[in-house]
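To start, the structure itself, in structure tokens.
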Amino acid sequence: AGKDSADLVIAGSTTVQPIVTRAAEVYSKEHPDTSIGVEGGGSGTGIRMVGEGSVAVGASSRELSSEEKRAHPDLTVNTIAIDCIAIVVNPSNNLSNSSLSLAEVRDIFSGKITNYKELGGPDRRIVLVEREDGSGTRSMFESMVMNNTDVSDAALQKPASGAIRFTVSGNENAIGYLGIGYLDGSIKPIAVNGVLPSEESVRAKSYPLSRDLYLITKGKPSGLAGEFIDYLLSDAGQDIVKEEGFIRLE
Amino acid sequence: MLSKNADRLAKIWLWLSALVIILVLLSVLGYVFINGIGAISVSFLLDMPQNNWREGGIYPAIVGSLIVVFVALAFAAPVGVGTAMYLTEFRTEGLVTRIIRTSSDALNAVPSIVFGLFGLSLFVFYLGDYTGGPSLLSAGLTLGFMILPTIIRTSEVAMRNVPYAERMESFGMGASKLQTIRNIVLPGAVPGIATGLILSIGRAVGETAPIIFMVALNPTIPKSLFGSGNTLTTQLYYLSMEGISMKVAFGTALTLMLVILTLNAITRVFKKRLSRNLRRC
Amino acid sequence: MKKLFDQERVVGAALMVFSITALVILLLIMLFILDGGLPLFNKVSVSDFLLGDKWVPAKGLFGASQFIVAALLVTFGAILLSVPLGISCAVFLAEIAPGWAKRIVRPAIELLAGIPSIIYGVFALIIIVSLVRVTFNVATGETILAASIVLAIMILPIIISISQDSIESVPRLYKEGSYALGATDWQTIHRVLVPAAGPGIVAGIILAMGRAIGETMAVVLVIGNVEKMPAGLLDPGETLTSAILLEMGEAVVKSTHYNALFCLGLVPFILVLFMSVLSSRLTTKNKARFA
Amino acid sequence: MDSKNKIEVKDLNLWYADKQALKDNNLHIKERKVTALIGPSGCGKSTFVRCINRMNDLIDGVRITGSILLDNKNIYDKDVDVVALRKRVGMVFQRPNPFPMSIFDNIAYGPRIHGIKDKDSLRKIVEESLVGAALWDEVSDRLGTNALDLSGGQQQRLCIARSLAVKPEVILFDEPCSALDPIATGKIEDLIHELRKKYTIVIVTHNMQQAARVSDFTGFFLLGKLLEFGKTRDIFENPKKKETEDYITGRFG
Amino acid sequence: MDSKNKIEVKDLNLWYADKQALKDNNLHIKERKVTALIGPSGCGKSTFVRCINRMNDLIDGVRITGSILLDNKNIYDKDVDVVALRKRVGMVFQRPNPFPMSIFDNIAYGPRIHGIKDKDSLRKIVEESLVGAALWDEVSDRLGTNALDLSGGQQQRLCIARSLAVKPEVILFDEPCSALDPIATGKIEDLIHELRKKYTIVIVTHNMQQAARVSDFTGFFLLGKLLEFGKTRDIFENPKKKETEDYITGRFG
Amino acid sequence: MPRAKLDFQIDTIKGDILKMTRAVEQQIRDAMKALEHLDSDLARKVIEKDDETNALYGEIKERCIQTIALQQPVAKDLRIISISMDVASNLERIGDYAVDIAKNVDYILRESPHLSEEFNKDVLKLIDGNGSENLMMEMGDVVASMVRDSGPAFIREDARKIEEIMKLEDQVDDLFRRIFRKLEDISRKDIEGVSFALNLILTARYLERAADHSVNITKRTLYAMRGKEEYI
Amino acid sequence: MPRAKLDFQIDTIKGDILKMTRAVEQQIRDAMKALEHLDSDLARKVIEKDDETNALYGEIKERCIQTIALQQPVAKDLRIISISMDVASNLERIGDYAVDIAKNVDYILRESPHLSEEFNKDVLKLIDGNGSENLMMEMGDVVASMVRDSGPAFIREDARKIEEIMKLEDQVDDLFRRIFRKLEDISRKDIEGVSFALNLILTARYLERAADHSVNITKRTLYAMRGKEEYI
Ligand SMILES: Nc1ncnc2c1ncn2[C@@H]1O[C@H](COP(=O)(O)OP(=O)(O)OP(=O)(O)O)[C@@H](O)[C@H]1O
Ligand SMILES: Nc1ncnc2c1ncn2[C@@H]1O[C@H](COP(=O)(O)OP(=O)(O)OP(=O)(O)O)[C@@H](O)[C@H]1O
Ligand SMILES: [Mg+2]
Ligand SMILES: [Mg+2]
Ligand SMILES: O=P([O-])([O-])[O-]
């Protein structure tokens with residue numbers, strides 16, 4: 001899309017989108033003659049579109065699958081920020097004060113544990129909230145937490161991280177996962193293996209669920225795409241990353 | 001006396017049912033209004049979004065919606081009115097009209113998401129090179145397909161409402177078919193056709209599902225038909241899903257609803273005109 | 001004079017081309033949906049698709065029965081909620097309402113019909129979902145019932161306006177005839193008017209069902225989207241249309257997942273087409289009776 | 001002038017919202033006689049007969065003053081049961097309007113809503129009514145068919161039968177033949193001639209000849225006012241007022 | 001029998017799809033005379049008159065054999081210009097159908113579509129036609145008002161005026177008074193009486209008295225067949241066929 | 001039963017015509033009897049009875065006009081009704097002639113005392129049933145029978161009766177001539193008897209005219225039957 | 001111009017009645033003149049003219065019935081038409097009497113040669129316009145004027161004329177009585193003149209009846225005017 005509407009169009013992951021949108025906004029202010037369009041669609045969409053050449057830059061919150069690599073061998077993956085997946089519950093849920101092991105998280109999401117009382121909480125049914133099929137966040141979660149066990153099919157699926165936050169903040173029984181960028185006062189993260197998600201714990205590698213966020217180009221980034229990626233990697237760009245709640249690259 | 005009581009009870013129930021519906025409407029309208037009125041202002045309508053949608057306005061979405069609706073109408077209005085004219089004036093009831101009318105009805109019934117699938121595969125994947133893939137043009141045409149049956153139906157009704165006898169009179173005086181259409185049928189049908197078009201605009205403005213795969217959350221002003229863009233409905237969907245800013249989301253919702261209310265008011269005026277015209281029956 | 005004749009033919013031919021458009025579009029839709037969907041059955045059998053209840057695209061599992069059941073449950077619930085209310089309101093408008101009430105209720109219903117489904121979705125996501133959770137004390141309010149309620153609100157205008165039309169198209173003389181025999185309002189309504197308008201009302205209900213099955217935006221926001229066979233109206237679920245909306249963005253084009261999503265579209269497409277044909281049959285029948 | 005007054009109308013005024021449609025009307029309707037009402041279009045004939053069984057109650061914004069006594073009881077009194085009144089005062093309309101049901105159900109409709117459930121009684125009433133409306137011979141072998149399949153004249157007689165089935169005392173006919181062809185009209189007129197032996201009949205008609213043929217008394221309405229009332233022969237042979245004469249001789253307007 | 005034949009119908013048959021609606025009809029219509037067609041409902045009267053200006057061409061599935069000569073020229077010949085034919089043979093329908101325009105535009109409609117643009121000529125034609133239809137006096141001061149505001153009888157005369165405006169030779173009336181009250185009907189009959197001085201007139205009517213009043217010749221149709229045709233007096237005083245007699249005396253069916 | 005009311009009216013009219021026919025026939029016969037017996041009382045009765053006949057005529061005429069105006073008959077129905085009016089009118093005139101005859105009885109009575117024995121004998125022979133050549137009574141009989149048959153002939157459209165009536169007309173004419181001659185002879189014999197003879201010739205003339213009207217009725221009947229006036 | 005056709009028919013009927021009135025009046029006058037001058041040719045003309053009168057009557061009657069049947073008149077319209085029929089029928093009867101009078105002229109001519117000089121003188125005095133007491137001619141004149149006025153009185157609903165006609169009736173009765181007396185006297189003088197006198201008395205009787213019918217016409221006119229029969 002957008003060959004004609006903007007000088008540069010970036011499409012893909014909804015996780016990455018806030019960073020890129022904000023960066024584009026600032027960048028265009030500095031370069032009033034350029035316009036950068038940002039579209040969502042999810043990681044898969046972004047990868048596909050850049051692969052097909054309909055956009056110059058794709059955004060992804062996961063690495064390319066082998067299938068995608070096969071289809072588009074000439075894609076370059078540029079890391080622009082670090083994200084980590086936080087397991088979140090409603091603030092009124094006292095589970096937020098305890099810590100879970102990865103295995104416990106897995107049992108919760110696979111449906112083995114269905115009631116908070118099994119975790120020492122009150123007698124309330126656990127309501128699982130997960131992302132939709134194809135989401136980068138979901139595939140990261142599944143590969144890092146679930147270890148080949150399926151997420152319970154009783155989990156509510158949400159098409160965006162914001163929707164997960166909205167659901168969890170509105171339901172004291174809910175538990176879900178989302179990128180650290182989406183953390184705010186309406187939900188609370190749970191410590192995993194005793195560690196809460198934060199810039200420090202991620203950088204210290206003590207929080208187990210972190211990942212990189214990428215902008216993908218066809219071949220080496222060049223032209224406006226290259227300049228924009230360079231801008232993101234600059235200090236000013238990394239400040240935006242932090243402002244949006246994600247973790248700067250080293 | 002039994003029947004008297006039954007009568008009274010039934011009437012209470014009927015009044016209640018109407019009351020419930022009014023309450024439902026008021027709660028939907030009121031909810032959107034209360035939450036959205038704070039966000040709305042002239043600058044909200046005419047500014048670009050800022051700070052990652054958290055601030056600023058929804059100008060691109062308004063422009064996008066206008067373009068999409070324009071494309072949809074540009075396709076569907078001539079085709080729809082033409083079809084209606086063909087059905088009423090050039091064909092007597094028969095296999096052909098039945099087929100056309102049935103396909104129009106069927107088209108009207110196709111679920112909106114199926115239009116989305118269809119638009120995606122036809123305009124984005126199959127004709128992507130000509131339409132710019134997921135562009136405003138693709139979205140507009142998809143909506144055009146969707147509102148076509150409405151336009152056919154309302155125009156046909158409008159033309160049929162012009163009394164058959166008036167046509168016969170015209171023919172009886174030696175007028176040709178085209179003269180009759182121009183002088184008798186169209187003037188009589190205009191208010192009805194206009195009502196249908198406005199209804200369809202409302203439908204096109206409010207639809208989300210058919211264009212969701214073609215219109216993304218895009219904070220730029222579309223520069224051409226072949227470019228991507230934003231519409232009020234898709235923006236509302238993404239904003240509320242991403243939970244970026246419920247304020248902007250409700251502002252968008254209220255804007256959308258005001259548009260619909262306005263269109264509704266306009267049709268009301270047309271309908272009055274229409275009923276005035278129908279006095280002849 | 002001869003020229004006039006030709007002109008007429010030219011215009012007629014041009015309009016005929018226009019009028020074929022609807023048919024062409026319909027055929028194209030069928031073609032593209034089938035083209036997108038049918039390859040699925042090279043990988044998955046029709047019965048696995050229709051009867052299976054495991055939907056794990058990553059593992060090549062494409063059982064869609066839970067979607068179908070959810071869609072039917074949602075529709076059923078919506079009809080259950082809206083039909084009594086809708087017909088009552090139609091009767092009210094057609095027969096009972098004094099002028100002022102009509103002037104309020106009728107535009108209200110038209111507005112209700114005009115409100116975009118996405119707005120209903122947002123409204124329901126916040127209001128109805130909580131309402132359901134609190135009222136029924138369930139773990140989550142995102143249930144089939146919540147979807148049914150919002151759909152019920154959305155299809156009410158269809159039921160009301162078609163029912164009202166068909167009640168009003170019952171000749172006024174029937175009504176007067178009944179009153180003149182000493183019938184009460186209610187006797188007249190339920191013995192003469194509603195039965196006479198029967199086919200029209202049924203047509204409206206069927207049309208509304210079709211609309212409910214096909215609705216996407218409002219449903220996806222409130223139904224919870226759980227790929228599990230729902231056990232009742234208070235369970236979350238996922239309908240055919242919401243599955244398409246959720247997953248289409250991420251599905252790789254022409255992949256089996258993509259094919260399967262088109263197949264999910266095929267189901268409501270066929271159901272709704274069938275219903276619309278049925279409904280228009282009934283409507284014409286109703287009209288013919290009073291012509 | 002020997003039979004008793006079935007209906008006495010006194011100072012009847014009627015407004016549709018602001019528009020006065022009936023003005024200070026006084027008239028007596030004799031029991032078991034046919035009273036015809038004539039007058040130019042829009043003069044209030046229909047409005048007037050609809051007052052007699054309070055059909056005007058169904059219209060918004062109608063206001064009525066004065067009284068109508070049915071057997072010396074004012075039908076506009078507060079305590080009058082309108083439904084019971086309409087049972088006593090039946091009405092047959094301009095266009096035949098059978099319900100879209102079987103012939104049998106059409107006629108059984110009235111008795112049923114008035115609480116008669118018993119099959120045998122219903123069957124008896126249906127037969128009696130059809131005989132009374134001179135339709136029995138034509139339809140007795142197909143009571144189950146849809147009433148809409150009957151011809152116009154048969155439909156009108158069906159409506160009369162339907163009205164007889166609730167055993168009224170008065171039957172109001174509002175232009176009962178204007179939708180019928182001359183032959184069907186003749187049959188209805190013959191029927192009215194029979195019915196007057198048992199019922200008090202009021203008939204609105206545009207057809208002067210019809211009024212003259214079927215009625216014992218005739219009233220001439222003009223602009224909402226009963227201008228002249230008297231024995232039909234007197235009205236048609238020797239009207240008192242110039243307007244009446246102009247109207248019946250066709251020299252009006 | 002002294003005036004010339006304006007129209008000669010020969011062996012006319014007509015089918016609606018498979019259904020034969022007219023059977024072997026032969027008849028002569030005299031110039032400047034009024035010919036009435038009577039017969040029971042559905043016998044094909046309307047179908048017959050519609051043949052005379054080929055209005056049936058507009059109905060699908062109509063098949064016609066035989067010929068209709070207008071001034072000795074078969075109107076069903078291939079080279080006949082239907083539009084020109086309809087200009088010569090005008091038609092007035094059962095219910096008055098003025099177009100929803102001003103009185104003036106209604107009457108100017110015909111001349112305009114036949115190419116007359118000049119204001120003065122149009123004004124002249126409108127006046128002439130209204131005078132011819134005996135409506136001028138009633139509307140000359142308000143030609144700009146909407147034709148729908150006229151009364152039923154005036155509307156019907158307007159339709160006649162509209163038909164006169166295209167200067168026809170023959171005017172076909174298909175039950176022109178059945179939607180009118182007796183007074184308006186009287187005026188139309190008077191008008192037809194005037195028109196016959198200049199036009200050849202064919203009138204379909206259900207009203208026997210009307211046929212007897214207005215026509216010089218009468219044809220009786222039964223089941224699509226012209227059963228009897230002759231001078232009106234003869235038909236009404238002394239019909240040859242039993243069916244005709246039964247019908248006109250009202251003893252039919 | 002279409003047109004029941006029209007048929008009823010026509011039947012009533014026909015019934016009234018039969019009634020009127022019988023009444024008129026009786027008037028003729030009674031008048032002749034009064035003459036025969038010079039019975040002044042009977043004569044007065046005949047005269048008085050004419051009011052009834054006239055009223056019946058008025059009723060028939062009124063009913064016919066009402067029926068035509070209200071029931072809108074055409075063709076044969078209309079013909080029968082309008083001819084009924086003619087028939088009734090002819091009957092009424094016959095009734096008038098009966099009255100004329102009856103009135104003459106008084107005149108004759110007034111004259112008779114002044115006449116000669118012989119004259120009286122002659123004249124009485126003419127009118128007395130016992131005479132061998134009682135021409136006057138014969139004529140009265142013939143005319144009465146013509147009247148008697150004319151009404152039913154019309155009602156039943158009886159062609160045979162019509163023929164009979166027409167044949168009798170010649171007989172009546174013949175009788176009239178013979179009576180006239182005879183009265184001439186007689187009155188020449190007795191100058192006093194002139195006015196007496198004058199009255200008798202009037203009577204004969206009245207009878208002849210009554211016969212004429214009976215024939216008129218049959219002519220109109222033929223019209224009703226054939227739809228055409230027969231100018232014989 | 002509503003009911004133009006009905007009005008046209010009524011006007012035609014009225015015109016025909018005037019025409020018929022004039023014709024009948026003329027018949028009476030001509031018959032009397034024929035009698036006065038014993039003019040057999042004129043008498044024949046009167047008789048021949050009756051066909052015309054009868055035809056006119058038929059036409060009026062026919063038109064009245066047609067108009068009632070087709071135009072459906074009521075109230076005054078119907079009354080006028082139905083009374084027109086009566087008026088025409090009365091006129092027709094007056095015409096008949098004129099014919100009767102004319103026929104008598106021949107009889108009188110046939111008798112006259114056989115009569116005595118003196119008798120002839122007496123009788124001729126009765127009928128000759130030159131005599132001082134020409135009662136017969138006077139009666140003819142009065143009756144003719146009654147007839148002349150009756151038609152217009154009906155058409156114009158002229159109350160004054162009606163009164164006049166009614167007054168004249170007494171005069172006619174008186175004249176008839178005087179003529180009867182006179183003829184008795186005369187015929188006693190000449191036995192041969194009996195049949196002659198007989199014929200003249202008939203003539204007087206005919207005139208009296210014609211006057212009667214004129215009065216009938218005025219009575220019917222009163223009905224048309226007041227909507228009620230006046231039984232005076
Ligand atoms: N529901 C109504 N609201 C307002 N005005 C009305 C209504 N019904 C009738 N009228 C008016 O009241 C007057 C009398 O109407 P009504 O129908 O009684 O006349 P009518 O004599 O029966 O006429 P017609 O012969 O045409 O049936 C008319 O002027 C009419 O326009
Ligand atoms: N368009 C049509 N298609 C098929 N049949 C038709 C059509 N129009 C008329 N007919 C049939 O042809 C026959 C003659 O119809 P037509 O309308 O000429 O009758 P009509 O004598 O004018 O009757 P009416 O007096 O009811 O107007 C009827 O049986 C009718 O059902
Ligand atoms: Mg009315
Ligand atoms: Mg017809
Ligand atoms: O939106 P995602 O980052 O989860 O693909």
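Residues are named by chain letter and number: chains run A, B, ... in the order of the structure tokens, numbers start at 1 in each chain, and ligands are numbered from 1 in the order shown.
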Subject >> Distance query region 228-233 of chain E at most 6 Å, only C-alpha atoms, self and fewer than 5 positions along chain excluded, as a ChimeraX atom specification >> reply: /E:216-220
Those same residues, written as an mmCIF file, in the first residue's frame with N, CA and C atoms?
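Wrote result-v6.cif, looks like this:
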data_model
loop_
_atom_site.group_PDB
_atom_site.id
_atom_site.type_symbol
_atom_site.label_atom_id
_atom_site.label_comp_id
_atom_site.auth_asym_id
_atom_site.auth_seq_id
_atom_site.Cartn_x
_atom_site.Cartn_y
_atom_site.Cartn_z
ATOM 1 N N ASP E 216 -74.275 5.931 -29.610
ATOM 2 C CA ASP E 216 -75.088 5.708 -30.800
ATOM 3 C C ASP E 216 -75.135 4.221 -31.141
ATOM 4 N N PHE E 217 -73.974 3.567 -30.918
ATOM 5 C CA PHE E 217 -73.896 2.138 -31.175
ATOM 6 C C PHE E 217 -73.420 1.437 -29.916
ATOM 7 N N THR E 218 -73.844 0.212 -29.770
ATOM 8 C CA THR E 218 -73.415 -0.541 -28.604
ATOM 9 C C THR E 218 -72.983 -1.935 -29.024
ATOM 10 N N GLY E 219 -71.874 -2.373 -28.410
ATOM 11 C CA GLY E 219 -71.424 -3.736 -28.631
ATOM 12 C C GLY E 219 -71.421 -4.482 -27.313
ATOM 13 N N PHE E 220 -71.883 -5.703 -27.339
ATOM 14 C CA PHE E 220 -71.905 -6.510 -26.119
ATOM 15 C C PHE E 220 -70.866 -7.625 -26.240
#
(request) Would you give me, as a VMD selection string, the residues of chain D that come within 10 Å of chain B, using only C-alpha atoms? (result) chain D and resid 81 83 113 to 115
Filtering to all heavy atoms, could you give me those residues as a PDB file, in the first residue's frame?
ATOM      1  N   ASP D  81     -70.212   0.405  27.574  1.00  0.00           N
ATOM      2  CA  ASP D  81     -69.179  -0.515  27.126  1.00  0.00           C
ATOM      3  C   ASP D  81     -69.142  -0.475  25.596  1.00  0.00           C
ATOM      4  O   ASP D  81     -70.037  -0.962  24.926  1.00  0.00           O
ATOM      5  CB  ASP D  81     -69.530  -1.913  27.633  1.00  0.00           C
ATOM      6  CG  ASP D  81     -68.523  -2.935  27.162  1.00  0.00           C
ATOM      7  OD1 ASP D  81     -67.658  -2.591  26.331  1.00  0.00           O
ATOM      8  OD2 ASP D  81     -68.601  -4.079  27.637  1.00  0.00           O
ATOM      9  N   VAL D  83     -67.359  -1.948  23.412  1.00  0.00           N
ATOM     10  CA  VAL D  83     -67.319  -3.245  22.743  1.00  0.00           C
ATOM     11  C   VAL D  83     -68.725  -3.846  22.650  1.00  0.00           C
ATOM     12  O   VAL D  83     -69.146  -4.338  21.598  1.00  0.00           O
ATOM     13  CB  VAL D  83     -66.339  -4.164  23.488  1.00  0.00           C
ATOM     14  CG1 VAL D  83     -66.550  -5.599  23.081  1.00  0.00           C
ATOM     15  CG2 VAL D  83     -64.909  -3.724  23.214  1.00  0.00           C
ATOM     16  N   ILE D 113     -64.891 -14.175  19.493  1.00  0.00           N
ATOM     17  CA  ILE D 113     -64.350 -13.153  20.389  1.00  0.00           C
ATOM     18  C   ILE D 113     -65.339 -12.808  21.489  1.00  0.00           C
ATOM     19  O   ILE D 113     -64.953 -12.257  22.503  1.00  0.00           O
ATOM     20  CB  ILE D 113     -63.926 -11.859  19.655  1.00  0.00           C
ATOM     21  CG1 ILE D 113     -65.100 -11.245  18.915  1.00  0.00           C
ATOM     22  CG2 ILE D 113     -62.778 -12.091  18.701  1.00  0.00           C
ATOM     23  CD1 ILE D 113     -64.780  -9.910  18.315  1.00  0.00           C
ATOM     24  N   HIS D 114     -66.582 -13.132  21.277  1.00  0.00           N
ATOM     25  CA  HIS D 114     -67.517 -12.875  22.355  1.00  0.00           C
ATOM     26  C   HIS D 114     -67.726 -14.104  23.227  1.00  0.00           C
ATOM     27  O   HIS D 114     -68.712 -14.230  23.931  1.00  0.00           O
ATOM     28  CB  HIS D 114     -68.832 -12.319  21.810  1.00  0.00           C
ATOM     29  CG  HIS D 114     -68.649 -10.972  21.194  1.00  0.00           C
ATOM     30  ND1 HIS D 114     -68.837 -10.726  19.862  1.00  0.00           N
ATOM     31  CD2 HIS D 114     -68.226  -9.800  21.720  1.00  0.00           C
ATOM     32  CE1 HIS D 114     -68.554  -9.453  19.597  1.00  0.00           C
ATOM     33  NE2 HIS D 114     -68.179  -8.872  20.704  1.00  0.00           N
ATOM     34  N   GLY D 115     -66.806 -15.039  23.088  1.00  0.00           N
ATOM     35  CA  GLY D 115     -66.719 -16.100  24.080  1.00  0.00           C
ATOM     36  C   GLY D 115     -67.384 -17.415  23.728  1.00  0.00           C
ATOM     37  O   GLY D 115     -67.410 -18.323  24.535  1.00  0.00           O
TER      38      GLY D 115
END
For the helix (DSSP H, G or I) assignment from backbone DSSP, which residues of region 21-245 of chain D qualify? Please present them as a PyMOL selection string.
chain D and resi 45-52+55-58+82-88+103-113+119-132+136-142+147-149+152-165+182-195+208-214+232-237+242-245
Go through region 107-229 of chain E and collect every residue that DSSP, computed from the backbone, puts in strand (DSSP E); the answer should be as a PyMOL selection string.
chain E and resi 170-174+200-204+217-222+225-229
List every residue of chain D that has an atom at most 6 Å from any atom of ligand 1, giving for each one its closest atom pair and the distance in Å to one decimal, counting only C-alpha atoms and all ligand atoms, sorted by chain and then by ascending residue number, as a tab-separated table.
residue	atom	partner	partner_atom_place_in_ligand_line	distance
D:Tyr16	CA	ligand 1	4 (C)	4.8
D:Ala21	CA	ligand 1	12 (O)	4.8
D:Ser41	CA	ligand 1	25 (O)	3.6
D:Gly42	CA	ligand 1	19 (O)	3.4
D:Cys43	CA	ligand 1	21 (O)	4.0
D:Gly44	CA	ligand 1	18 (O)	3.2
D:Lys45	CA	ligand 1	21 (O)	3.8
D:Ser46	CA	ligand 1	22 (O)	3.5
D:Thr47	CA	ligand 1	18 (O)	3.5
**Message:** Could you list, as a count of residues only, all residues that come within 8 Å of ligand 5? Count only C-alpha atoms and all ligand atoms.
**Reply:** 23
Give me the residues near Trp15 (chain B) as a CSV table (one decimal) with N, CA, C and O atoms, in the first residue's frame, where near means some atom within 12 Å (using only C-alpha atoms) and where sequence neighbours in that chain fewer than 5 positions away do not count.
chain,number,residue,atom,x,y,z
B,8,ARG,N,-56.2,-4.6,28.5
B,8,ARG,CA,-55.4,-3.6,29.3
B,8,ARG,C,-54.0,-4.1,29.5
B,8,ARG,O,-53.1,-3.4,29.3
B,9,LEU,N,-53.9,-5.4,29.9
B,9,LEU,CA,-52.5,-5.9,30.2
B,9,LEU,C,-51.7,-5.9,28.9
B,9,LEU,O,-50.5,-5.4,28.9
B,10,ALA,N,-52.3,-6.3,27.8
B,10,ALA,CA,-51.5,-6.3,26.6
B,10,ALA,C,-51.0,-4.9,26.2
B,10,ALA,O,-49.9,-4.7,25.8
B,20,VAL,N,-38.7,0.3,26.4
B,20,VAL,CA,-37.4,-0.4,26.5
B,20,VAL,C,-36.5,0.0,25.4
B,20,VAL,O,-35.3,0.3,25.5
B,21,ILE,N,-37.1,0.0,24.2
B,21,ILE,CA,-36.3,0.4,23.0
B,21,ILE,C,-35.8,1.8,23.1
B,21,ILE,O,-34.6,2.1,22.8
B,22,ILE,N,-36.6,2.7,23.5
B,22,ILE,CA,-36.2,4.1,23.7
B,22,ILE,C,-35.0,4.1,24.7
B,22,ILE,O,-34.0,4.8,24.5
C,85,LEU,N,-39.8,-8.6,21.9
C,85,LEU,CA,-39.7,-7.2,22.0
C,85,LEU,C,-40.0,-6.5,20.7
C,85,LEU,O,-40.8,-5.5,20.6
C,88,SER,N,-43.7,-6.8,19.6
C,88,SER,CA,-44.5,-5.9,20.4
C,88,SER,C,-44.4,-4.5,20.0
C,88,SER,O,-45.3,-3.7,19.9
C,89,CYS,N,-43.1,-4.1,19.8
C,89,CYS,CA,-42.9,-2.7,19.5
C,89,CYS,C,-43.5,-2.4,18.1
C,89,CYS,O,-44.1,-1.3,17.9
C,90,ALA,N,-43.4,-3.4,17.2
C,90,ALA,CA,-44.1,-3.1,15.9
C,90,ALA,C,-45.6,-3.0,16.0
C,90,ALA,O,-46.2,-2.1,15.4
C,91,VAL,N,-46.2,-3.8,16.8
C,91,VAL,CA,-47.6,-3.7,17.0
C,91,VAL,C,-47.9,-2.4,17.7
C,91,VAL,O,-48.8,-1.7,17.3
C,92,PHE,N,-47.1,-2.0,18.6
C,92,PHE,CA,-47.3,-0.7,19.3
C,92,PHE,C,-47.3,0.4,18.3
C,92,PHE,O,-48.2,1.2,18.3
C,93,LEU,N,-46.3,0.4,17.4
C,93,LEU,CA,-46.1,1.5,16.5
C,93,LEU,C,-47.3,1.5,15.5
C,93,LEU,O,-47.9,2.5,15.2
C,95,GLU,N,-50.3,0.1,15.8
C,95,GLU,CA,-51.7,0.1,16.2
C,95,GLU,C,-52.0,0.9,17.5
C,95,GLU,O,-53.1,1.5,17.6
C,96,ILE,N,-51.1,0.9,18.4
C,96,ILE,CA,-51.4,1.5,19.7
C,96,ILE,C,-51.0,3.0,19.8
C,96,ILE,O,-51.6,3.8,20.3
C,97,ALA,N,-49.7,3.2,19.3
C,97,ALA,CA,-49.1,4.4,19.6
C,97,ALA,C,-49.9,5.6,19.2
C,97,ALA,O,-50.3,5.7,18.0
C,98,PRO,N,-50.1,6.6,20.1
C,98,PRO,CA,-50.7,7.8,19.6
C,98,PRO,C,-49.6,8.6,18.8
C,98,PRO,O,-48.4,8.2,18.8
C,101,ALA,N,-46.2,9.5,20.3
C,101,ALA,CA,-45.3,8.4,20.6
C,101,ALA,C,-44.7,7.8,19.4
C,101,ALA,O,-43.5,7.5,19.3
C,102,LYS,N,-45.5,7.8,18.3
C,102,LYS,CA,-45.0,7.3,17.0
C,102,LYS,C,-43.8,8.2,16.6
C,102,LYS,O,-42.8,7.8,16.1
C,105,VAL,N,-40.8,7.2,18.7
C,105,VAL,CA,-40.3,5.8,18.7
C,105,VAL,C,-39.8,5.5,17.3
C,105,VAL,O,-38.7,4.9,17.1
**OP:** Using only C-alpha atoms, determine which residues lie at most 9 Å from Ile52 (chain D), disregarding the query and same-chain residues fewer than 4 positions distant; provide the list as an MDAnalysis selection string.
**Re:** chainID D and resid 7 9 48 56 68 70 75 86 89 172
